[in-house]
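Peer 1: Structure in structure tokens, see below.
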Amino acid sequence: MNRRAFTSITAAALPTGPTAQQHVDPALVDYFQQQLEGHYRADMFLGPHDLIGTVSAQYQLIDKLVRSAKGETRRGLLRVGAAYSALVGWLYQDAGDMDGASFWRGVTQEIAARSRDPHLIGYSLVNQAQVRTDLGDGHAVVELCEAVLDDADRLVPKVRIMAMQQQAHGASLTGERRAVDHLLDQADRLLPNVDDDLPWGNACRRTPGYLEVQRATCYGRLGLSTEAGSLWTQVLAVVPETARRDRGVYMARQATAAATAREPDQAVEIARTLATIAVETRSARMFRELATLERAMRPWHDAPVGRDLAEILAPVTERS
């Protein structure tokens with residue numbers, strides 16, 4: 001990474017020098033918490049690039065206010081600041097910038113520790129595990145999630161579910177199907193108990209078929225194409241059309257499952273609707289999933305169905 005790019009990534013998180021003291025009204029904590037849900041929804045519609053600047057700037061303002069705030073207002077701003085930095089980290093990860101994602105995940109972990117909130121500390125470690133999942137480091141994913149679950153009795157069910165499902169991803173990377181099913185079954189039993197009012201980490205409530213998404217993804221990694229394809233059909237029946245980026249990622253994984261199951265015509269048919277979504281959202285996750293689809297379709301590279309796929313994905317190849 002060059003110095004200019006690093007400076008751009010870190011600018012919002014590392015302001016230098018003292019700041020002028022100011023009055024910080026406690027109502028600002030609620031204000032920033034209420035903004036979070038809108039950012040999460042916008043991420044589903046827009047993808048990462050249009051939001052990184054907005055969310056980073058809000059984090060920078062929160063950090064400035066923390067320096068003047070006292071008592072419970074300061075602790076509240078630290079908690080909401082950790083949620084904002086986690087979202088910035090996710091946006092960099094979805095944009096394919098793993099250096100930026102790792103930096104902001106580290107920021108989240110620091111702020112969570114400063115807040116002394118055990119739920120946020122666990123959440124920050126799961127965020128670190130997400131980066132390790134994208135890097136293909138299954139053992140590190142498992143170790144980070146086990147560190148969270150060591151304190152499971154102190155954590156709200158939501159954080160435990162997040163750790164279990166992420167640990168399942170780690171297990172899929174190390175080829176342990178039984179562990180995948182055990183962890184996701186445990187998480188499923190906890191899902192009805194999620195009743196906290198924390199404004200962050202609500203994908204398990206917000207995402208239709210949340211645990212089925214995780215299981216289908218893990219099965220795809222494990223090469224269980226028939227099982228994965230069946231699950232993706234169930235998931236896509238309930239994911240709304242408005243969640244364009246997420247639907248696109250899921251459909252790309254469904255197409256890969258079809259190709260792996262030696263159903264290339266079905267894979268190409270699914271892929272027909274993906275190119276436009278990938279170009280519009282510029283999600284690196286989608287680009288990566290489509291590259292995986294192309295690899296799965298190599299046996300038909302010279303066949304008409306393979307040439308159809310290459311033509312369909314040509315606009316994506318140009319952008320990625």
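Going by the structure tokens order, chains are called A, B, ..., each with residues numbered from 1, while ligands are numbered from 1 in the order shown.
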Just list as a compact mmCIF listing (two decimals) with N, CA and C atoms, in the first residue's frame whatever in stretch 64-282 of chain A DSSP marks as alpha helix (DSSP H).
Peer 2:
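Result file follows (states-v6.txt):
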```txt
# COMPACT_ATOMS: atom_id res chain seq x y z
N LYS A 64 -14.26 13.00 17.77
CA LYS A 64 -14.03 14.36 18.26
C LYS A 64 -14.87 14.63 19.50
N LEU A 65 -16.13 14.18 19.50
CA LEU A 65 -17.01 14.42 20.64
C LEU A 65 -16.57 13.61 21.86
N VAL A 66 -16.07 12.39 21.63
CA VAL A 66 -15.59 11.55 22.73
C VAL A 66 -14.52 12.29 23.54
N GLY A 71 -18.31 10.83 31.58
CA GLY A 71 -19.25 9.92 32.23
C GLY A 71 -19.95 9.01 31.25
N GLU A 72 -21.26 8.84 31.48
CA GLU A 72 -22.03 7.89 30.68
C GLU A 72 -22.15 8.36 29.23
N THR A 73 -22.15 9.67 29.00
CA THR A 73 -22.20 10.16 27.62
C THR A 73 -20.95 9.73 26.86
N ARG A 74 -19.80 9.82 27.51
CA ARG A 74 -18.56 9.37 26.87
C ARG A 74 -18.61 7.87 26.58
N ARG A 75 -19.08 7.08 27.54
CA ARG A 75 -19.15 5.64 27.32
C ARG A 75 -20.14 5.30 26.20
N GLY A 76 -21.25 6.03 26.15
CA GLY A 76 -22.22 5.81 25.08
C GLY A 76 -21.65 6.13 23.71
N LEU A 77 -20.88 7.22 23.63
CA LEU A 77 -20.26 7.58 22.35
C LEU A 77 -19.18 6.58 21.96
N LEU A 78 -18.45 6.05 22.94
CA LEU A 78 -17.47 5.02 22.62
C LEU A 78 -18.17 3.78 22.04
N ARG A 79 -19.29 3.40 22.63
CA ARG A 79 -20.00 2.22 22.13
C ARG A 79 -20.51 2.44 20.71
N VAL A 80 -21.10 3.59 20.47
CA VAL A 80 -21.63 3.84 19.12
C VAL A 80 -20.47 4.07 18.14
N GLY A 81 -19.37 4.64 18.62
CA GLY A 81 -18.20 4.81 17.76
C GLY A 81 -17.64 3.47 17.30
N ALA A 82 -17.65 2.48 18.18
CA ALA A 82 -17.19 1.15 17.79
C ALA A 82 -18.08 0.57 16.70
N ALA A 83 -19.38 0.81 16.79
CA ALA A 83 -20.29 0.32 15.75
C ALA A 83 -20.01 0.99 14.42
N TYR A 84 -19.73 2.29 14.44
CA TYR A 84 -19.43 3.00 13.20
C TYR A 84 -18.11 2.53 12.60
N SER A 85 -17.09 2.34 13.41
CA SER A 85 -15.81 1.89 12.87
C SER A 85 -15.93 0.48 12.31
N ALA A 86 -16.76 -0.36 12.96
CA ALA A 86 -16.99 -1.71 12.43
C ALA A 86 -17.64 -1.65 11.06
N LEU A 87 -18.59 -0.71 10.89
CA LEU A 87 -19.24 -0.57 9.59
C LEU A 87 -18.26 -0.09 8.54
N VAL A 88 -17.39 0.86 8.90
CA VAL A 88 -16.38 1.32 7.95
C VAL A 88 -15.48 0.14 7.54
N GLY A 89 -15.09 -0.67 8.53
CA GLY A 89 -14.28 -1.84 8.22
C GLY A 89 -14.98 -2.79 7.27
N TRP A 90 -16.27 -3.00 7.49
CA TRP A 90 -17.04 -3.86 6.59
C TRP A 90 -17.08 -3.27 5.18
N LEU A 91 -17.28 -1.95 5.07
CA LEU A 91 -17.36 -1.33 3.75
C LEU A 91 -16.04 -1.50 2.99
N TYR A 92 -14.92 -1.32 3.68
CA TYR A 92 -13.63 -1.56 3.02
C TYR A 92 -13.50 -3.02 2.62
N GLN A 93 -13.97 -3.93 3.46
CA GLN A 93 -13.88 -5.35 3.14
C GLN A 93 -14.72 -5.67 1.91
N ASP A 94 -15.93 -5.12 1.85
CA ASP A 94 -16.81 -5.38 0.71
C ASP A 94 -16.25 -4.75 -0.56
N MET A 98 -8.53 -5.16 1.71
CA MET A 98 -8.33 -5.89 2.96
C MET A 98 -7.40 -5.16 3.92
N ASP A 99 -6.50 -4.33 3.38
CA ASP A 99 -5.66 -3.51 4.26
C ASP A 99 -6.52 -2.52 5.04
N GLY A 100 -7.41 -1.84 4.31
CA GLY A 100 -8.31 -0.90 4.97
C GLY A 100 -9.24 -1.59 5.95
N ALA A 101 -9.74 -2.76 5.56
CA ALA A 101 -10.63 -3.51 6.45
C ALA A 101 -9.91 -3.90 7.73
N SER A 102 -8.69 -4.40 7.60
CA SER A 102 -7.93 -4.83 8.78
C SER A 102 -7.65 -3.65 9.70
N PHE A 103 -7.30 -2.50 9.12
CA PHE A 103 -7.04 -1.31 9.94
C PHE A 103 -8.28 -0.93 10.75
N TRP A 104 -9.42 -0.84 10.09
CA TRP A 104 -10.63 -0.38 10.78
C TRP A 104 -11.17 -1.43 11.75
N ARG A 105 -10.93 -2.72 11.46
CA ARG A 105 -11.30 -3.73 12.44
C ARG A 105 -10.46 -3.57 13.71
N GLY A 106 -9.19 -3.19 13.53
CA GLY A 106 -8.34 -2.92 14.70
C GLY A 106 -8.82 -1.73 15.49
N VAL A 107 -9.28 -0.68 14.78
CA VAL A 107 -9.85 0.49 15.45
C VAL A 107 -11.06 0.08 16.28
N THR A 108 -11.91 -0.76 15.71
CA THR A 108 -13.10 -1.23 16.43
C THR A 108 -12.71 -1.97 17.70
N GLN A 109 -11.70 -2.81 17.61
CA GLN A 109 -11.29 -3.58 18.78
C GLN A 109 -10.76 -2.66 19.87
N GLU A 110 -10.00 -1.64 19.48
CA GLU A 110 -9.48 -0.71 20.48
C GLU A 110 -10.62 0.04 21.19
N ILE A 111 -11.57 0.55 20.42
CA ILE A 111 -12.65 1.34 21.02
C ILE A 111 -13.54 0.44 21.88
N ALA A 112 -13.78 -0.78 21.41
CA ALA A 112 -14.58 -1.71 22.20
C ALA A 112 -13.92 -1.97 23.55
N ALA A 113 -12.60 -2.15 23.54
CA ALA A 113 -11.88 -2.38 24.80
C ALA A 113 -11.98 -1.16 25.70
N ARG A 114 -11.88 0.04 25.12
CA ARG A 114 -11.98 1.27 25.92
C ARG A 114 -13.37 1.43 26.51
N SER A 115 -14.39 0.93 25.81
CA SER A 115 -15.77 1.06 26.30
C SER A 115 -16.06 0.12 27.46
N PRO A 118 -18.48 -5.88 27.25
CA PRO A 118 -18.11 -7.23 26.81
C PRO A 118 -18.77 -7.65 25.50
N HIS A 119 -19.99 -7.16 25.25
CA HIS A 119 -20.67 -7.50 24.01
C HIS A 119 -19.93 -6.90 22.81
N LEU A 120 -19.51 -5.65 22.95
CA LEU A 120 -18.77 -5.01 21.86
C LEU A 120 -17.40 -5.63 21.67
N ILE A 121 -16.76 -6.01 22.74
CA ILE A 121 -15.45 -6.66 22.62
C ILE A 121 -15.60 -7.97 21.84
N GLY A 122 -16.64 -8.75 22.16
CA GLY A 122 -16.89 -9.97 21.41
C GLY A 122 -17.20 -9.69 19.95
N TYR A 123 -18.02 -8.67 19.72
CA TYR A 123 -18.37 -8.26 18.35
C TYR A 123 -17.13 -7.87 17.57
N SER A 124 -16.21 -7.16 18.20
CA SER A 124 -14.99 -6.71 17.51
C SER A 124 -14.13 -7.90 17.11
N LEU A 125 -14.09 -8.94 17.95
CA LEU A 125 -13.31 -10.13 17.60
C LEU A 125 -13.95 -10.90 16.44
N VAL A 126 -15.29 -10.93 16.42
CA VAL A 126 -15.97 -11.56 15.28
C VAL A 126 -15.67 -10.79 14.00
N ASN A 127 -15.61 -9.46 14.11
CA ASN A 127 -15.23 -8.65 12.94
C ASN A 127 -13.85 -9.01 12.44
N GLN A 128 -12.91 -9.21 13.36
CA GLN A 128 -11.57 -9.63 12.96
C GLN A 128 -11.63 -11.01 12.28
N ALA A 129 -12.48 -11.88 12.79
CA ALA A 129 -12.62 -13.21 12.20
C ALA A 129 -13.18 -13.14 10.78
N GLN A 130 -14.06 -12.17 10.52
CA GLN A 130 -14.61 -12.00 9.17
C GLN A 130 -13.49 -11.71 8.17
N VAL A 131 -12.56 -10.86 8.56
CA VAL A 131 -11.43 -10.56 7.68
C VAL A 131 -10.63 -11.82 7.42
N ARG A 132 -10.39 -12.60 8.49
CA ARG A 132 -9.62 -13.83 8.34
C ARG A 132 -10.35 -14.84 7.45
N THR A 133 -11.67 -14.83 7.48
CA THR A 133 -12.44 -15.70 6.59
C THR A 133 -12.16 -15.34 5.14
N ASP A 134 -12.21 -14.05 4.83
CA ASP A 134 -11.95 -13.62 3.45
C ASP A 134 -10.51 -13.90 3.04
N GLY A 138 -8.70 -20.35 7.98
CA GLY A 138 -9.73 -20.99 8.79
C GLY A 138 -9.35 -21.18 10.24
N HIS A 139 -8.10 -21.54 10.51
CA HIS A 139 -7.69 -21.77 11.90
C HIS A 139 -7.77 -20.47 12.72
N ALA A 140 -7.36 -19.34 12.12
CA ALA A 140 -7.45 -18.07 12.83
C ALA A 140 -8.90 -17.69 13.10
N VAL A 141 -9.78 -17.97 12.15
CA VAL A 141 -11.21 -17.70 12.35
C VAL A 141 -11.72 -18.47 13.57
N VAL A 142 -11.41 -19.74 13.62
CA VAL A 142 -11.87 -20.58 14.73
C VAL A 142 -11.32 -20.07 16.06
N GLU A 143 -10.03 -19.73 16.09
CA GLU A 143 -9.41 -19.27 17.33
C GLU A 143 -10.03 -17.97 17.83
N LEU A 144 -10.28 -17.03 16.93
CA LEU A 144 -10.89 -15.76 17.33
C LEU A 144 -12.30 -15.98 17.87
N CYS A 145 -13.07 -16.83 17.21
CA CYS A 145 -14.44 -17.08 17.65
C CYS A 145 -14.47 -17.86 18.96
N GLU A 146 -13.53 -18.78 19.14
CA GLU A 146 -13.45 -19.49 20.42
C GLU A 146 -13.13 -18.52 21.55
N ALA A 147 -12.28 -17.51 21.27
CA ALA A 147 -11.97 -16.50 22.29
C ALA A 147 -13.22 -15.75 22.72
N VAL A 148 -14.12 -15.47 21.75
CA VAL A 148 -15.39 -14.81 22.08
C VAL A 148 -16.24 -15.72 22.94
N LEU A 149 -16.37 -16.97 22.54
CA LEU A 149 -17.28 -17.90 23.20
C LEU A 149 -16.76 -18.39 24.54
N PRO A 157 -27.40 -13.18 23.40
CA PRO A 157 -27.47 -14.24 22.39
C PRO A 157 -27.00 -13.81 21.01
N LYS A 158 -27.25 -12.57 20.64
CA LYS A 158 -26.86 -12.10 19.31
C LYS A 158 -25.37 -12.24 19.06
N VAL A 159 -24.57 -11.86 20.04
CA VAL A 159 -23.11 -11.94 19.88
C VAL A 159 -22.67 -13.39 19.83
N ARG A 160 -23.30 -14.24 20.62
CA ARG A 160 -22.96 -15.67 20.59
C ARG A 160 -23.29 -16.27 19.23
N ILE A 161 -24.43 -15.89 18.67
CA ILE A 161 -24.82 -16.37 17.34
C ILE A 161 -23.81 -15.91 16.29
N MET A 162 -23.40 -14.64 16.38
CA MET A 162 -22.42 -14.14 15.42
C MET A 162 -21.12 -14.93 15.50
N ALA A 163 -20.67 -15.23 16.70
CA ALA A 163 -19.43 -15.97 16.87
C ALA A 163 -19.58 -17.40 16.36
N MET A 164 -20.71 -18.03 16.64
CA MET A 164 -20.91 -19.42 16.20
C MET A 164 -20.97 -19.52 14.68
N GLN A 165 -21.71 -18.61 14.04
CA GLN A 165 -21.82 -18.71 12.59
C GLN A 165 -20.48 -18.40 11.93
N GLN A 166 -19.71 -17.46 12.52
CA GLN A 166 -18.41 -17.16 11.92
C GLN A 166 -17.43 -18.31 12.14
N GLN A 167 -17.52 -18.95 13.30
CA GLN A 167 -16.68 -20.12 13.54
C GLN A 167 -17.03 -21.24 12.55
N ALA A 168 -18.31 -21.34 12.18
CA ALA A 168 -18.70 -22.33 11.16
C ALA A 168 -17.99 -22.05 9.84
N HIS A 169 -17.85 -20.77 9.49
CA HIS A 169 -17.10 -20.44 8.27
C HIS A 169 -15.65 -20.90 8.39
N GLY A 170 -15.07 -20.69 9.56
CA GLY A 170 -13.71 -21.18 9.77
C GLY A 170 -13.63 -22.68 9.62
N ALA A 171 -14.61 -23.40 10.17
CA ALA A 171 -14.63 -24.86 10.06
C ALA A 171 -14.77 -25.30 8.61
N SER A 172 -15.55 -24.55 7.82
CA SER A 172 -15.70 -24.92 6.41
C SER A 172 -14.38 -24.74 5.66
N LEU A 173 -13.59 -23.76 6.07
CA LEU A 173 -12.29 -23.55 5.44
C LEU A 173 -11.30 -24.66 5.77
N ARG A 177 -17.12 -30.53 8.06
CA ARG A 177 -18.56 -30.39 7.86
C ARG A 177 -19.35 -30.59 9.15
N ARG A 178 -18.96 -31.59 9.95
CA ARG A 178 -19.71 -31.85 11.19
C ARG A 178 -19.67 -30.65 12.12
N ALA A 179 -18.53 -30.00 12.19
CA ALA A 179 -18.42 -28.80 13.04
C ALA A 179 -19.30 -27.68 12.49
N VAL A 180 -19.35 -27.53 11.16
CA VAL A 180 -20.21 -26.52 10.54
C VAL A 180 -21.65 -26.72 10.99
N ASP A 181 -22.15 -27.94 10.83
CA ASP A 181 -23.56 -28.21 11.17
C ASP A 181 -23.81 -28.04 12.66
N HIS A 182 -22.89 -28.50 13.49
CA HIS A 182 -23.07 -28.39 14.94
C HIS A 182 -23.16 -26.92 15.36
N LEU A 183 -22.26 -26.10 14.86
CA LEU A 183 -22.24 -24.68 15.24
C LEU A 183 -23.49 -23.95 14.75
N LEU A 184 -23.89 -24.22 13.52
CA LEU A 184 -25.06 -23.52 12.98
C LEU A 184 -26.35 -24.02 13.63
N ASP A 185 -26.39 -25.28 13.99
CA ASP A 185 -27.56 -25.78 14.72
C ASP A 185 -27.66 -25.13 16.10
N GLN A 186 -26.52 -24.97 16.77
CA GLN A 186 -26.50 -24.27 18.06
C GLN A 186 -26.99 -22.83 17.91
N ALA A 187 -26.50 -22.16 16.88
CA ALA A 187 -26.90 -20.77 16.65
C ALA A 187 -28.39 -20.67 16.36
N ASP A 188 -28.92 -21.64 15.62
CA ASP A 188 -30.34 -21.63 15.29
C ASP A 188 -31.21 -21.75 16.53
N ARG A 189 -30.75 -22.55 17.49
CA ARG A 189 -31.52 -22.70 18.74
C ARG A 189 -31.53 -21.41 19.55
N LEU A 190 -30.49 -20.60 19.40
CA LEU A 190 -30.41 -19.33 20.13
C LEU A 190 -31.20 -18.20 19.46
N ALA A 203 -27.67 -8.24 11.83
CA ALA A 203 -27.89 -8.99 10.59
C ALA A 203 -28.75 -10.22 10.82
N CYS A 204 -28.62 -10.85 12.00
CA CYS A 204 -29.40 -12.06 12.25
C CYS A 204 -30.89 -11.76 12.34
N ARG A 205 -31.24 -10.50 12.64
CA ARG A 205 -32.66 -10.11 12.66
C ARG A 205 -33.06 -9.47 11.33
N ARG A 206 -32.13 -8.81 10.70
CA ARG A 206 -32.44 -8.02 9.50
C ARG A 206 -32.38 -8.84 8.22
N TYR A 210 -31.01 -15.81 7.53
CA TYR A 210 -29.63 -15.49 7.91
C TYR A 210 -28.76 -16.73 8.08
N LEU A 211 -29.21 -17.70 8.86
CA LEU A 211 -28.37 -18.87 9.11
C LEU A 211 -28.34 -19.81 7.91
N GLU A 212 -29.40 -19.83 7.11
CA GLU A 212 -29.37 -20.63 5.88
C GLU A 212 -28.34 -20.07 4.91
N VAL A 213 -28.19 -18.73 4.90
CA VAL A 213 -27.15 -18.11 4.07
C VAL A 213 -25.77 -18.63 4.48
N GLN A 214 -25.55 -18.66 5.79
CA GLN A 214 -24.23 -19.11 6.28
C GLN A 214 -24.01 -20.59 5.93
N ARG A 215 -25.04 -21.40 6.12
CA ARG A 215 -24.89 -22.83 5.87
C ARG A 215 -24.65 -23.09 4.37
N ALA A 216 -25.41 -22.40 3.52
CA ALA A 216 -25.22 -22.58 2.08
C ALA A 216 -23.82 -22.16 1.65
N THR A 217 -23.33 -21.05 2.22
CA THR A 217 -21.98 -20.60 1.89
C THR A 217 -20.94 -21.62 2.33
N CYS A 218 -21.09 -22.12 3.55
CA CYS A 218 -20.16 -23.14 4.05
C CYS A 218 -20.22 -24.40 3.20
N TYR A 219 -21.41 -24.84 2.85
CA TYR A 219 -21.54 -26.04 2.03
C TYR A 219 -20.88 -25.85 0.67
N GLY A 220 -21.01 -24.64 0.11
CA GLY A 220 -20.35 -24.36 -1.16
C GLY A 220 -18.84 -24.51 -1.05
N ARG A 221 -18.27 -23.99 0.04
CA ARG A 221 -16.82 -24.13 0.24
C ARG A 221 -16.42 -25.59 0.38
N SER A 225 -22.28 -29.32 -3.46
CA SER A 225 -22.98 -28.45 -4.41
C SER A 225 -24.49 -28.67 -4.42
N THR A 226 -24.94 -29.91 -4.32
CA THR A 226 -26.39 -30.17 -4.35
C THR A 226 -27.07 -29.56 -3.14
N GLU A 227 -26.48 -29.80 -1.95
CA GLU A 227 -27.05 -29.23 -0.72
C GLU A 227 -27.01 -27.71 -0.75
N ALA A 228 -25.90 -27.15 -1.22
CA ALA A 228 -25.78 -25.68 -1.29
C ALA A 228 -26.81 -25.10 -2.25
N GLY A 229 -26.96 -25.72 -3.42
CA GLY A 229 -27.92 -25.20 -4.40
C GLY A 229 -29.33 -25.20 -3.87
N SER A 230 -29.71 -26.27 -3.16
CA SER A 230 -31.06 -26.33 -2.59
C SER A 230 -31.28 -25.23 -1.56
N LEU A 231 -30.28 -24.99 -0.73
CA LEU A 231 -30.39 -23.93 0.28
C LEU A 231 -30.47 -22.55 -0.37
N TRP A 232 -29.68 -22.32 -1.42
CA TRP A 232 -29.74 -21.01 -2.08
C TRP A 232 -31.12 -20.76 -2.69
N THR A 233 -31.76 -21.79 -3.20
CA THR A 233 -33.12 -21.63 -3.72
C THR A 233 -34.07 -21.17 -2.62
N GLN A 234 -33.94 -21.76 -1.42
CA GLN A 234 -34.77 -21.35 -0.28
C GLN A 234 -34.49 -19.91 0.13
N VAL A 235 -33.21 -19.58 0.20
CA VAL A 235 -32.81 -18.24 0.64
C VAL A 235 -33.33 -17.17 -0.33
N LEU A 236 -33.12 -17.40 -1.61
CA LEU A 236 -33.48 -16.37 -2.61
C LEU A 236 -34.99 -16.18 -2.72
N ARG A 244 -30.15 -5.57 -3.42
CA ARG A 244 -29.54 -5.97 -4.69
C ARG A 244 -28.16 -6.59 -4.51
N ARG A 245 -27.32 -5.97 -3.72
CA ARG A 245 -25.96 -6.48 -3.56
C ARG A 245 -25.97 -7.88 -2.94
N ASP A 246 -26.74 -8.05 -1.88
CA ASP A 246 -26.78 -9.34 -1.22
C ASP A 246 -27.39 -10.41 -2.12
N ARG A 247 -28.48 -10.08 -2.81
CA ARG A 247 -29.07 -11.04 -3.75
C ARG A 247 -28.06 -11.44 -4.82
N GLY A 248 -27.30 -10.46 -5.30
CA GLY A 248 -26.32 -10.75 -6.33
C GLY A 248 -25.25 -11.71 -5.85
N VAL A 249 -24.76 -11.49 -4.62
CA VAL A 249 -23.75 -12.39 -4.05
C VAL A 249 -24.33 -13.80 -3.91
N TYR A 250 -25.56 -13.89 -3.40
CA TYR A 250 -26.16 -15.20 -3.19
C TYR A 250 -26.40 -15.92 -4.52
N MET A 251 -26.85 -15.18 -5.52
CA MET A 251 -27.11 -15.79 -6.82
C MET A 251 -25.81 -16.27 -7.47
N ALA A 252 -24.73 -15.52 -7.28
CA ALA A 252 -23.44 -15.96 -7.82
C ALA A 252 -23.01 -17.26 -7.16
N ARG A 253 -23.23 -17.38 -5.86
CA ARG A 253 -22.89 -18.63 -5.17
C ARG A 253 -23.81 -19.76 -5.62
N GLN A 254 -25.07 -19.45 -5.87
CA GLN A 254 -26.00 -20.45 -6.39
C GLN A 254 -25.55 -20.94 -7.76
N ALA A 255 -25.12 -20.01 -8.61
CA ALA A 255 -24.65 -20.39 -9.95
C ALA A 255 -23.41 -21.27 -9.87
N THR A 256 -22.50 -20.96 -8.94
CA THR A 256 -21.31 -21.79 -8.76
C THR A 256 -21.69 -23.19 -8.30
N ALA A 257 -22.66 -23.28 -7.40
CA ALA A 257 -23.12 -24.59 -6.94
C ALA A 257 -23.68 -25.39 -8.12
N ALA A 258 -24.43 -24.73 -9.02
CA ALA A 258 -24.97 -25.42 -10.18
C ALA A 258 -23.86 -25.91 -11.10
N ALA A 259 -22.85 -25.06 -11.32
CA ALA A 259 -21.72 -25.47 -12.17
C ALA A 259 -20.98 -26.64 -11.56
N THR A 260 -20.77 -26.60 -10.25
CA THR A 260 -20.06 -27.69 -9.57
C THR A 260 -20.86 -28.99 -9.64
N PRO A 264 -24.24 -26.70 -16.14
CA PRO A 264 -23.74 -25.42 -16.64
C PRO A 264 -24.82 -24.51 -17.22
N ASP A 265 -25.84 -25.08 -17.85
CA ASP A 265 -26.90 -24.25 -18.41
C ASP A 265 -27.65 -23.49 -17.32
N GLN A 266 -27.90 -24.19 -16.20
CA GLN A 266 -28.56 -23.52 -15.07
C GLN A 266 -27.66 -22.42 -14.52
N ALA A 267 -26.35 -22.69 -14.42
CA ALA A 267 -25.41 -21.69 -13.90
C ALA A 267 -25.42 -20.42 -14.75
N VAL A 268 -25.42 -20.59 -16.06
CA VAL A 268 -25.41 -19.43 -16.96
C VAL A 268 -26.73 -18.68 -16.89
N GLU A 269 -27.82 -19.42 -16.79
CA GLU A 269 -29.13 -18.77 -16.68
C GLU A 269 -29.21 -17.89 -15.43
N ILE A 270 -28.68 -18.38 -14.32
CA ILE A 270 -28.65 -17.59 -13.08
C ILE A 270 -27.76 -16.36 -13.27
N ALA A 271 -26.63 -16.54 -13.97
CA ALA A 271 -25.65 -15.46 -14.12
C ALA A 271 -26.17 -14.32 -14.98
N LEU A 274 -26.80 -11.11 -13.17
CA LEU A 274 -25.81 -10.68 -12.19
C LEU A 274 -24.90 -9.55 -12.66
N ALA A 275 -24.62 -9.49 -13.95
CA ALA A 275 -23.62 -8.54 -14.43
C ALA A 275 -24.00 -7.10 -14.08
N THR A 276 -25.26 -6.75 -14.30
CA THR A 276 -25.70 -5.38 -14.02
C THR A 276 -25.57 -5.05 -12.55
N ILE A 277 -25.95 -5.98 -11.68
CA ILE A 277 -25.85 -5.74 -10.24
C ILE A 277 -24.39 -5.56 -9.84
N ALA A 278 -23.51 -6.40 -10.37
CA ALA A 278 -22.09 -6.31 -10.02
C ALA A 278 -21.50 -4.97 -10.44
N VAL A 279 -21.83 -4.51 -11.64
CA VAL A 279 -21.29 -3.24 -12.13
C VAL A 279 -21.83 -2.07 -11.32
N GLU A 280 -23.12 -2.12 -10.97
CA GLU A 280 -23.73 -1.01 -10.23
C GLU A 280 -23.21 -0.92 -8.80
N THR A 281 -23.10 -2.04 -8.11
CA THR A 281 -22.71 -2.00 -6.70
C THR A 281 -21.20 -1.96 -6.51
```
Peer 1: For a test of reading the model, state the distance in Å between atom CA of A:Pro315 and atom CA of A:Thr273, rounded to one decimal.
Peer 2: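 Distance reported for this atom pair: 12.3 Å.
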Peer 1: Need the shell around A:Trp300: protein/DNA/RNA residues with any atom at most 10 Å away, counting only C-alpha atoms. Skip same-chain ones fewer than 4 positions apart. Format as a list in words?
Peer 2: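 Final neighbour list, sorted by chain and number: Ala259, Arg262, Pro264, Glu294, Ala296, Pro304, Val305, Gly306, Arg307 and Leu309 of chain A.
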Peer 1: What's the separation between atom CA of A:Leu155 and atom CA of A:Leu191, in Å to one decimal place?
Peer 2: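 Atom CA of A:Leu155 sits 13.7 Å away from atom CA of A:Leu191.
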Peer 1: Considering only C-alpha atoms, return as a CSV table (one decimal) with all heavy atoms, in the first residue's frame whatever protein or nucleic-acid residues lie within 9 Å of A:Gln21, sequence-local ones (same chain, fewer than 5 positions apart) excluded.
Peer 2:
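Here's the written file out.csv:
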```csv
chain,number,residue,atom,x,y,z
A,65,LEU,N,-16.1,14.2,19.5
A,65,LEU,CA,-17.0,14.4,20.6
A,65,LEU,C,-16.6,13.6,21.9
A,65,LEU,O,-16.7,14.1,23.0
A,65,LEU,CB,-18.4,14.1,20.3
A,65,LEU,CG,-19.1,15.0,19.2
A,65,LEU,CD1,-20.4,14.4,18.7
A,65,LEU,CD2,-19.3,16.4,19.7
A,67,ARG,N,-13.7,13.1,22.9
A,67,ARG,CA,-12.6,13.8,23.5
A,67,ARG,C,-13.1,14.8,24.5
A,67,ARG,O,-12.3,15.2,25.4
A,67,ARG,CB,-11.7,14.4,22.5
A,67,ARG,CG,-11.0,13.3,21.6
A,67,ARG,CD,-10.1,13.9,20.6
A,67,ARG,NE,-9.5,12.8,19.8
A,67,ARG,CZ,-8.3,12.9,19.2
A,67,ARG,NH1,-7.5,13.9,19.5
A,67,ARG,NH2,-7.9,11.9,18.5
A,68,SER,N,-14.3,15.3,24.4
A,68,SER,CA,-14.9,16.3,25.3
A,68,SER,C,-15.9,15.7,26.2
A,68,SER,O,-16.2,16.3,27.3
A,68,SER,CB,-15.5,17.4,24.5
A,68,SER,OG,-14.6,18.1,23.8
A,69,ALA,N,-16.5,14.6,25.9
A,69,ALA,CA,-17.6,14.0,26.7
A,69,ALA,C,-17.1,13.4,28.0
A,69,ALA,O,-15.9,13.0,28.1
A,69,ALA,CB,-18.3,13.0,25.8
```
Peer 1: How far is it from atom CA of A:Leu51 to atom CA of A:Gln34, in Å with one decimal?
Peer 2: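 These two atoms are separated by 16.4 Å.
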Peer 1: Of the candidates A:Val238, A:Ala243, A:Val24, A:Val316, which shows the shortest atom-to-atom distance to A:Leu46, using only C-alpha atoms?
Peer 2: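 That would be A:Ala243, the residue with the smallest distance to A:Leu46.
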